[in-house]
$ cat input.tsv   # TSV, C-alpha atoms
chain	number	residue	atom	x	y	z
F	233	MET	CA	-15.22	2.22	21.47
F	234	GLN	CA	-18.78	2.80	20.25
F	235	LYS	CA	-20.37	2.88	16.83
F	236	PHE	CA	-20.75	6.31	15.26
F	237	SER	CA	-24.20	7.48	14.17
F	238	LYS	CA	-25.40	10.57	12.31
F	239	GLU	CA	-28.68	11.77	10.80
F	240	TYR	CA	-29.08	13.06	7.25
F	241	LEU	CA	-32.03	14.84	5.64
F	242	ILE	CA	-32.35	13.95	1.95
F	243	ARG	CA	-32.31	17.17	-0.09
F	244	SER	CA	-33.52	17.79	-3.64
F	245	TYR	CA	-30.04	18.14	-5.18
F	246	GLU	CA	-29.10	14.71	-3.76
F	247	CYS	CA	-31.91	12.92	-5.61
F	248	ASP	CA	-32.41	11.52	-9.11
F	249	LYS	CA	-35.26	12.43	-11.45
F	250	ASP	CA	-37.64	10.12	-9.54
F	251	GLY	CA	-36.78	11.59	-6.14
F	252	PHE	CA	-34.59	8.73	-4.90
F	253	LEU	CA	-31.18	9.25	-3.29
F	254	ARG	CA	-28.44	9.07	-5.95
F	255	MET	CA	-25.87	6.28	-5.65
F	256	VAL	CA	-23.04	8.82	-5.84
F	257	THR	CA	-24.57	10.69	-2.88
F	258	LEU	CA	-24.92	7.49	-0.87
F	259	MET	CA	-21.24	6.74	-1.47
F	260	ASN	CA	-20.34	10.28	-0.39
F	261	ILE	CA	-22.39	9.87	2.80
F	262	PHE	CA	-20.45	6.70	3.62
F	263	GLN	CA	-17.19	8.55	2.99
F	264	ASP	CA	-18.30	11.42	5.22
F	265	MET	CA	-19.23	8.97	7.99
F	266	ALA	CA	-15.90	7.14	7.74
F	267	ASP	CA	-13.85	10.36	7.70
F	268	THR	CA	-15.75	11.86	10.63
F	269	HIS	CA	-15.54	8.72	12.76
F	270	ALA	CA	-11.84	8.23	12.03
F	271	GLY	CA	-11.24	11.84	13.07
F	272	LEU	CA	-13.10	11.33	16.34
F	273	LEU	CA	-10.92	8.28	16.99
F	274	GLY	CA	-7.78	10.34	16.37
F	275	LEU	CA	-7.02	8.49	13.13
F	276	GLY	CA	-8.51	10.92	10.61
F	277	LEU	CA	-7.17	12.81	7.62
F	278	ASP	CA	-4.98	15.23	9.56
F	279	PHE	CA	-3.34	12.39	11.51
F	280	CYS	CA	-2.72	10.36	8.36
F	281	LEU	CA	-1.24	13.34	6.50
F	282	GLU	CA	1.08	14.03	9.41
F	283	LYS	CA	2.26	10.41	9.36
F	284	GLY	CA	2.51	10.22	5.56
F	285	LEU	CA	-0.30	7.66	5.40
F	286	ALA	CA	-3.53	7.31	3.44
F	287	TRP	CA	-6.51	4.98	3.31
F	288	VAL	CA	-7.20	3.61	-0.18
F	289	GLY	CA	-10.48	1.89	-1.03
F	290	ALA	CA	-10.20	-1.74	-2.17
F	291	ASN	CA	-13.79	-3.07	-2.11
F	292	TYR	CA	-17.37	-2.05	-1.49
F	293	ARG	CA	-20.59	-4.01	-1.24
F	294	ILE	CA	-23.94	-2.30	-0.80
F	295	ILE	CA	-27.23	-4.17	-0.36
F	296	ILE	CA	-30.29	-1.97	-0.82
F	297	GLU	CA	-33.72	-2.87	0.53
F	298	ARG	CA	-34.92	0.50	-0.67
F	299	LEU	CA	-33.41	3.92	-1.35
F	300	PRO	CA	-34.56	6.88	0.75
F	301	LYS	CA	-36.50	9.64	-1.00
F	302	LEU	CA	-36.65	13.42	-1.02
F	303	HIS	CA	-37.22	15.03	2.42
F	304	GLU	CA	-36.81	11.69	4.19
F	305	LYS	CA	-34.61	11.63	7.28
F	306	ILE	CA	-32.22	8.72	7.63
F	307	SER	CA	-29.78	7.63	10.32
F	308	VAL	CA	-26.43	6.15	9.29
F	309	GLU	CA	-24.30	4.01	11.60
F	310	THR	CA	-20.68	2.96	11.03
F	311	TRP	CA	-17.88	1.13	12.81
F	312	PRO	CA	-14.52	-0.58	12.07
F	313	ALA	CA	-15.50	-4.24	11.89
F	314	VAL	CA	-12.42	-6.26	10.89
F	315	GLU	CA	-8.68	-5.70	11.28
F	316	LYS	CA	-6.37	-7.03	8.56
F	317	ARG	CA	-2.60	-6.99	8.30
F	318	LEU	CA	-2.51	-4.23	5.68
F	319	GLY	CA	-5.88	-2.61	6.25
F	320	ALA	CA	-9.35	-2.92	7.68
F	321	ILE	CA	-13.04	-3.39	6.95
F	322	ARG	CA	-15.55	-0.69	7.87
F	323	ASP	CA	-19.29	-1.46	7.86
F	324	PHE	CA	-22.42	0.70	7.62
F	325	LEU	CA	-26.14	0.48	8.31
F	326	VAL	CA	-28.77	2.95	7.09
F	327	TYR	CA	-32.05	3.23	9.01
F	328	ASP	CA	-35.30	4.93	8.04
F	329	GLU	CA	-37.29	7.09	10.46
F	330	SER	CA	-39.08	4.04	11.90
F	331	GLY	CA	-35.73	2.43	12.77
F	332	LYS	CA	-35.86	-0.17	10.00
F	333	VAL	CA	-32.60	-1.06	8.23
F	334	ILE	CA	-32.97	-0.12	4.55
F	335	ILE	CA	-29.32	-0.33	3.39
F	336	ARG	CA	-26.37	-2.49	4.46
F	337	ALA	CA	-22.83	-1.80	3.31
F	338	SER	CA	-19.30	-3.03	3.85
F	339	SER	CA	-16.04	-1.47	2.67
F	340	GLN	CA	-12.45	-2.69	2.64
F	341	TRP	CA	-9.53	-0.27	2.90
F	342	ILE	CA	-5.77	-0.60	2.51
F	343	LEU	CA	-3.39	1.57	4.53
F	344	ILE	CA	-0.57	2.91	2.32
F	345	ASN	CA	2.56	5.01	2.54
F	346	PHE	CA	1.29	8.03	0.58
F	347	GLU	CA	4.63	8.99	-0.97
F	348	LYS	CA	5.66	5.46	-2.00
F	349	LYS	CA	2.11	4.34	-2.84
F	350	ARG	CA	2.78	1.01	-1.12
F	351	PRO	CA	0.74	-0.88	1.50
F	352	VAL	CA	1.99	-0.77	5.09
F	353	GLY	CA	1.10	-2.80	8.17
F	354	LEU	CA	-1.95	-1.58	10.06
F	355	ARG	CA	-0.88	-2.56	13.57
F	356	GLU	CA	2.69	-1.23	13.13
F	357	ASN	CA	1.45	2.19	11.99
F	358	LEU	CA	-1.83	2.50	13.91
F	359	PRO	CA	-1.25	0.57	17.15
F	360	GLN	CA	-4.30	2.19	18.75
F	361	TYR	CA	-6.69	0.87	16.06
F	362	GLN	CA	-9.75	-0.89	17.53
F	363	ILE	CA	-12.66	-2.83	16.05
F	364	ILE	CA	-16.19	-3.88	16.98
F	365	GLU	CA	-16.65	-7.52	15.99
F	366	GLU	CA	-20.00	-7.15	14.29
F	367	ARG	CA	-20.81	-7.22	10.56
F	368	SER	CA	-23.54	-5.54	8.54
F	369	ILE	CA	-22.97	-8.10	5.75
F	370	ASP	CA	-21.64	-11.57	6.57
F	371	GLY	CA	-18.73	-13.04	4.64
F	372	ASP	CA	-15.81	-11.66	2.69
F	373	PHE	CA	-15.76	-9.83	-0.61
F	374	GLU	CA	-16.35	-12.22	-3.52
F	375	LYS	CA	-14.00	-12.38	-6.48
F	376	MET	CA	-15.29	-10.35	-9.41
F	377	GLU	CA	-15.64	-12.33	-12.64
F	378	SER	CA	-14.42	-10.74	-15.86
F	379	VAL	CA	-16.69	-9.22	-18.49
F	380	GLY	CA	-17.04	-11.93	-21.12
F	381	ARG	CA	-19.38	-10.31	-23.64
F	382	ILE	CA	-19.59	-6.59	-24.32
F	383	ASP	CA	-23.25	-5.68	-24.76
F	384	CYS	CA	-22.66	-1.93	-24.46
F	385	GLN	CA	-19.84	0.45	-23.64
F	386	ARG	CA	-19.33	4.13	-23.02
F	387	ARG	CA	-16.35	6.43	-22.56
F	388	PHE	CA	-15.89	9.20	-20.01
F	389	LEU	CA	-13.27	11.88	-19.52
F	390	VAL	CA	-12.03	12.34	-15.95
F	391	ARG	CA	-13.14	15.80	-14.87
F	392	TYR	CA	-11.41	18.19	-12.49
F	393	ASP	CA	-14.23	17.70	-9.96
F	394	ASP	CA	-13.81	13.90	-10.05
F	395	ILE	CA	-10.45	14.20	-8.25
F	396	ASP	CA	-10.17	14.01	-4.45
F	397	PHE	CA	-7.46	15.04	-1.98
F	398	ASN	CA	-5.48	11.89	-2.81
F	399	LYS	CA	-5.07	13.38	-6.32
F	400	HIS	CA	-7.00	10.60	-8.06
F	401	VAL	CA	-10.62	9.80	-8.95
F	402	ASN	CA	-12.89	9.63	-5.91
F	403	ASN	CA	-14.39	6.21	-5.14
F	404	ALA	CA	-17.94	7.48	-5.62
F	405	VAL	CA	-17.30	8.22	-9.31
F	406	TYR	CA	-16.70	4.59	-10.38
F	407	PRO	CA	-20.27	3.32	-9.73
F	408	LEU	CA	-21.56	6.53	-11.35
F	409	TRP	CA	-19.67	5.62	-14.55
F	410	ALA	CA	-21.04	2.05	-14.44
F	411	LEU	CA	-24.62	3.25	-14.00
F	412	GLU	CA	-24.28	5.83	-16.78
F	413	ALA	CA	-23.00	3.12	-19.15
F	414	ILE	CA	-26.29	1.20	-18.96
F	415	ASP	CA	-29.19	1.76	-21.36
F	416	TYR	CA	-31.51	4.40	-19.93
F	417	GLY	CA	-34.60	2.29	-20.62
F	418	PHE	CA	-33.14	-0.45	-18.41
F	419	ARG	CA	-32.52	2.13	-15.67
F	420	ASP	CA	-36.14	3.30	-15.87
F	421	ALA	CA	-37.42	-0.27	-15.46
F	422	TYR	CA	-35.07	-1.49	-12.73
F	423	GLN	CA	-33.26	-0.22	-9.65
F	424	VAL	CA	-30.09	-1.30	-7.90
F	425	GLN	CA	-30.52	-4.08	-5.35
F	426	ASP	CA	-26.91	-5.13	-4.72
F	427	ILE	CA	-23.70	-3.50	-5.96
F	428	GLU	CA	-20.14	-4.78	-5.55
F	429	ILE	CA	-17.07	-2.72	-6.44
F	430	ALA	CA	-13.45	-3.87	-6.67
F	431	PHE	CA	-11.04	-0.95	-7.01
F	432	LYS	CA	-7.82	-1.98	-8.78
F	433	LYS	CA	-5.80	1.01	-10.05
F	434	GLU	CA	-5.91	4.74	-9.45
F	435	CYS	CA	-7.16	7.05	-12.19
F	436	LYS	CA	-6.04	10.65	-12.64
F	437	LEU	CA	-7.18	13.94	-14.07
F	438	GLY	CA	-7.51	14.11	-17.85
F	439	GLU	CA	-7.58	10.36	-18.45
F	440	GLU	CA	-10.24	8.87	-20.68
F	441	VAL	CA	-11.91	5.73	-19.37
F	442	ASN	CA	-13.98	3.06	-21.08
F	443	VAL	CA	-16.79	1.16	-19.35
F	444	ALA	CA	-17.49	-2.21	-20.99
F	445	THR	CA	-20.75	-3.79	-19.80
F	446	GLU	CA	-22.17	-7.30	-19.98
F	447	VAL	CA	-25.90	-7.67	-19.32
F	448	SER	CA	-27.14	-11.10	-18.15
F	449	GLY	CA	-30.78	-10.84	-17.12
F	450	LEU	CA	-30.91	-8.70	-14.00
F	451	THR	CA	-27.14	-8.77	-13.42
F	452	THR	CA	-24.70	-6.39	-15.08
F	453	LEU	CA	-20.91	-6.67	-15.07
F	454	HIS	CA	-18.73	-3.65	-15.74
F	455	SER	CA	-15.02	-3.40	-16.50
F	456	ILE	CA	-13.64	0.12	-16.22
F	457	THR	CA	-10.34	0.56	-18.05
F	458	SER	CA	-8.02	3.39	-19.03
F	459	VAL	CA	-8.13	4.18	-22.75
F	460	THR	CA	-4.54	5.44	-22.46
F	461	ASP	CA	-2.83	2.17	-21.52
F	462	GLY	CA	-5.60	-0.42	-21.10
F	463	ARG	CA	-5.09	-1.02	-17.38
F	464	GLU	CA	-8.21	-2.09	-15.50
F	465	LEU	CA	-9.22	0.51	-12.93
F	466	ALA	CA	-12.21	-1.22	-11.35
F	467	GLY	CA	-14.66	-4.09	-11.73
F	468	ILE	CA	-18.31	-3.66	-10.75
F	469	ARG	CA	-21.17	-6.15	-10.47
F	470	ILE	CA	-24.74	-4.92	-10.04
F	471	ARG	CA	-27.85	-6.98	-9.33
F	472	TRP	CA	-31.12	-5.24	-10.19
F	473	LYS	CA	-34.78	-5.55	-9.24
F	474	SER	CA	-38.00	-4.20	-10.71
F	475	ARG	CA	-39.07	-0.75	-9.58

$ encode --input "input.tsv" --output "structure tokens"
Amino acid sequence: MQKFSKEYLIRSYECDKDGFLRMVTLMNIFQDMADTHAGLLGLGLDFCLEKGLAWVGANYRIIIERLPKLHEKISVETWPAVEKRLGAIRDFLVYDESGKVIIRASSQWILINFEKKRPVGLRENLPQYQIIEERSIDGDFEKMESVGRIDCQRRFLVRYDDIDFNKHVNNAVYPLWALEAIDYGFRDAYQVQDIEIAFKKECKLGEEVNVATEVSGLTTLHSITSVTDGRELAGIRIRWKSR
């Protein structure tokens, strides 16, 4: 098995007001890469639907040297890097046109029985699964500390377009909520350097969510909870740097 690589041209509607690639678009690119590669390996969406299986995101970590800008061409590389009993880790590298790595990312996924919503063994259900023993980011996903002090918070209503084919909020929406919950002046002064996401519970159409944020220097912690029943949907930690 080989790594899968694809080029992307950054378009205007994928950029923020300063011309940098939006975080939500970066997450969608990673999802596109993972879906496409899994399909080429014979383990994609159609195969999983036929078997009653689904991949559910558990963790993400993204380390950003710099974000690509409008009209820039990037190359994205992905591969399954680690096999676990109930899932797997898939890694990513993003290169600029000179071949320099500008973004590193790692994602952890759990294989579930779609109807029962319960984890199932990877090897028992996907015996042909293969990995490349190479990591874009060394180490495992760190435990996310809890928000201790609420410095700001904001509520969002889950929109129809936030829902994916699994019938719950798409993974790319959670960091978007966290970023939107931060003071806009802070966003103008700083940019994301390192973001970690721990997905905990699914969120569905029509729910209202609350994002509680703690700001400690250039690190922000975010707890995303359902207003309906208080369950925590995701925890996010972001480290920032000056623009």

$ atom_distance --input "input.tsv" --atom1 "CA of Asp394 (chain F)" --atom2 "CA of Val441 (chain F)"
12.5 Å

$ closest_atom_pairs --input "input.tsv" --of "region 404-469 of chain F" --to "region 284-293 of chain F" --cutoff "9 Å" --atoms "all atoms listed in the file" --output "JSON lines"
{"residue": "F:Asp426", "atom": "CA", "partner": "F:Arg293", "partner_atom": "CA", "distance": 7.3}
{"residue": "F:Ile427", "atom": "CA", "partner": "F:Arg293", "partner_atom": "CA", "distance": 5.7}
{"residue": "F:Glu428", "atom": "CA", "partner": "F:Arg293", "partner_atom": "CA", "distance": 4.4}
{"residue": "F:Ile429", "atom": "CA", "partner": "F:Tyr292", "partner_atom": "CA", "distance": 5.0}
{"residue": "F:Ala430", "atom": "CA", "partner": "F:Asn291", "partner_atom": "CA", "distance": 4.6}
{"residue": "F:Phe431", "atom": "CA", "partner": "F:Ala290", "partner_atom": "CA", "distance": 5.0}
{"residue": "F:Lys432", "atom": "CA", "partner": "F:Ala290", "partner_atom": "CA", "distance": 7.0}

$ residues_near_point --input "input.tsv" --point "(-9.3, 5.0, -26.6)" --cutoff "10 Å" --atoms "all atoms listed in the file" --output "PyMOL selection string"
chain F and resi 387+439-442+457-462

$ closest_residue --input "input.tsv" --among "F:Tyr406, F:Tyr327, F:Phe388, F:Trp311" --to "Tyr361 (chain F)" --atoms "only C-alpha atoms"
F:Trp311

$ closest_residue --input "input.tsv" --among "F:Ser378, F:Asn260, F:Gln234, F:Gln423" --to "Thr445 (chain F)" --atoms "only C-alpha atoms"
F:Ser378

$ closest_residue --input "input.tsv" --among "F:Phe397, F:Phe262, F:Tyr245, F:Tyr392" --to "Leu277 (chain F)" --atoms "all atoms listed in the file"
F:Phe397

$ atom_distance --input "input.tsv" --atom1 "CA of Asp415 (chain F)" --atom2 "CA of Gln385 (chain F)"
9.7 Å

$ residues_around --input "input.tsv" --residues "Arg336 (chain F)" --least-positions-apart "5" --cutoff "7 Å" --atoms "all atoms listed in the file" --output "list in words"
Ile294, Ile295, Ile296, Phe324, Leu325, Val326, Ser368 and Ile369 of chain F

$ closest_residue --input "input.tsv" --among "F:Trp341, F:Phe346, F:Tyr422, F:Tyr416" --to "Asn403 (chain F)" --atoms "only C-alpha atoms"
F:Trp341

$ atom_distance --input "input.tsv" --atom1 "CA of Met233 (chain F)" --atom2 "CA of Ala270 (chain F)"
11.7 Å

$ closest_residue --input "input.tsv" --among "F:Arg355, F:Lys249, F:Arg475, F:His269" --to "Gln425 (chain F)" --atoms "all atoms listed in the file"
F:Arg475

$ axis_aligned_box --input "input.tsv" --around "region 266-278 of chain F" --padding-each-side "5 Å" --output "AutoDock Vina command-line options"
--center_x -10.4 --center_y 11.2 --center_z 12.3 --size_x 20.9 --size_y 18.1 --size_z 19.4

$ closest_residue --input "input.tsv" --among "F:Glu374, F:Val443, F:Ser474, F:Lys399" --to "Phe418 (chain F)" --atoms "all atoms listed in the file"
F:Ser474

$ residues_near_point --input "input.tsv" --point "(3.2, 1.7, 1.6)" --cutoff "12 Å" --atoms "all atoms listed in the file" --output "PDB file with C-alpha atoms, keeping the file's coordinate frame"
ATOM      1  CA  LYS F 283       2.260  10.410   9.360  1.00  0.00           C
ATOM      2  CA  GLY F 284       2.510  10.220   5.560  1.00  0.00           C
ATOM      3  CA  LEU F 285      -0.300   7.660   5.400  1.00  0.00           C
ATOM      4  CA  ALA F 286      -3.530   7.310   3.440  1.00  0.00           C
ATOM      5  CA  TRP F 287      -6.510   4.980   3.310  1.00  0.00           C
ATOM      6  CA  VAL F 288      -7.200   3.610  -0.180  1.00  0.00           C
ATOM      7  CA  LEU F 318      -2.510  -4.230   5.680  1.00  0.00           C
ATOM      8  CA  GLY F 319      -5.880  -2.610   6.250  1.00  0.00           C
ATOM      9  CA  ILE F 342      -5.770  -0.600   2.510  1.00  0.00           C
ATOM     10  CA  LEU F 343      -3.390   1.570   4.530  1.00  0.00           C
ATOM     11  CA  ILE F 344      -0.570   2.910   2.320  1.00  0.00           C
ATOM     12  CA  ASN F 345       2.560   5.010   2.540  1.00  0.00           C
ATOM     13  CA  PHE F 346       1.290   8.030   0.580  1.00  0.00           C
ATOM     14  CA  GLU F 347       4.630   8.990  -0.970  1.00  0.00           C
ATOM     15  CA  LYS F 348       5.660   5.460  -2.000  1.00  0.00           C
ATOM     16  CA  LYS F 349       2.110   4.340  -2.840  1.00  0.00           C
ATOM     17  CA  ARG F 350       2.780   1.010  -1.120  1.00  0.00           C
ATOM     18  CA  PRO F 351       0.740  -0.880   1.500  1.00  0.00           C
ATOM     19  CA  VAL F 352       1.990  -0.770   5.090  1.00  0.00           C
ATOM     20  CA  GLY F 353       1.100  -2.800   8.170  1.00  0.00           C
ATOM     21  CA  LEU F 354      -1.950  -1.580  10.060  1.00  0.00           C
ATOM     22  CA  GLU F 356       2.690  -1.230  13.130  1.00  0.00           C
ATOM     23  CA  ASN F 357       1.450   2.190  11.990  1.00  0.00           C
TER      24      ASN F 357
END

$ residues_around --input "input.tsv" --residues "Lys301 (chain F)" --least-positions-apart "3" --cutoff "9 Å" --atoms "only C-alpha atoms" --output "PyMOL selection string"
chain F and resi 242-243+247+250-253+304-305

$ write_last_selection --input "input.tsv" --atoms "C-alpha atoms" --output "mmCIF file, keeping the file's coordinate frame"
data_model
loop_
_atom_site.group_PDB
_atom_site.id
_atom_site.type_symbol
_atom_site.label_atom_id
_atom_site.label_comp_id
_atom_site.auth_asym_id
_atom_site.auth_seq_id
_atom_site.Cartn_x
_atom_site.Cartn_y
_atom_site.Cartn_z
ATOM 1 C CA ILE F 242 -32.350 13.950 1.950
ATOM 2 C CA ARG F 243 -32.310 17.170 -0.090
ATOM 3 C CA CYS F 247 -31.910 12.920 -5.610
ATOM 4 C CA ASP F 250 -37.640 10.120 -9.540
ATOM 5 C CA GLY F 251 -36.780 11.590 -6.140
ATOM 6 C CA PHE F 252 -34.590 8.730 -4.900
ATOM 7 C CA LEU F 253 -31.180 9.250 -3.290
ATOM 8 C CA GLU F 304 -36.810 11.690 4.190
ATOM 9 C CA LYS F 305 -34.610 11.630 7.280
#

$ residues_around --input "input.tsv" --residues "Glu434 (chain F)" --least-positions-apart "4" --cutoff "7 Å" --atoms "all atoms listed in the file" --output "PyMOL selection string"
chain F and resi 400-401+465
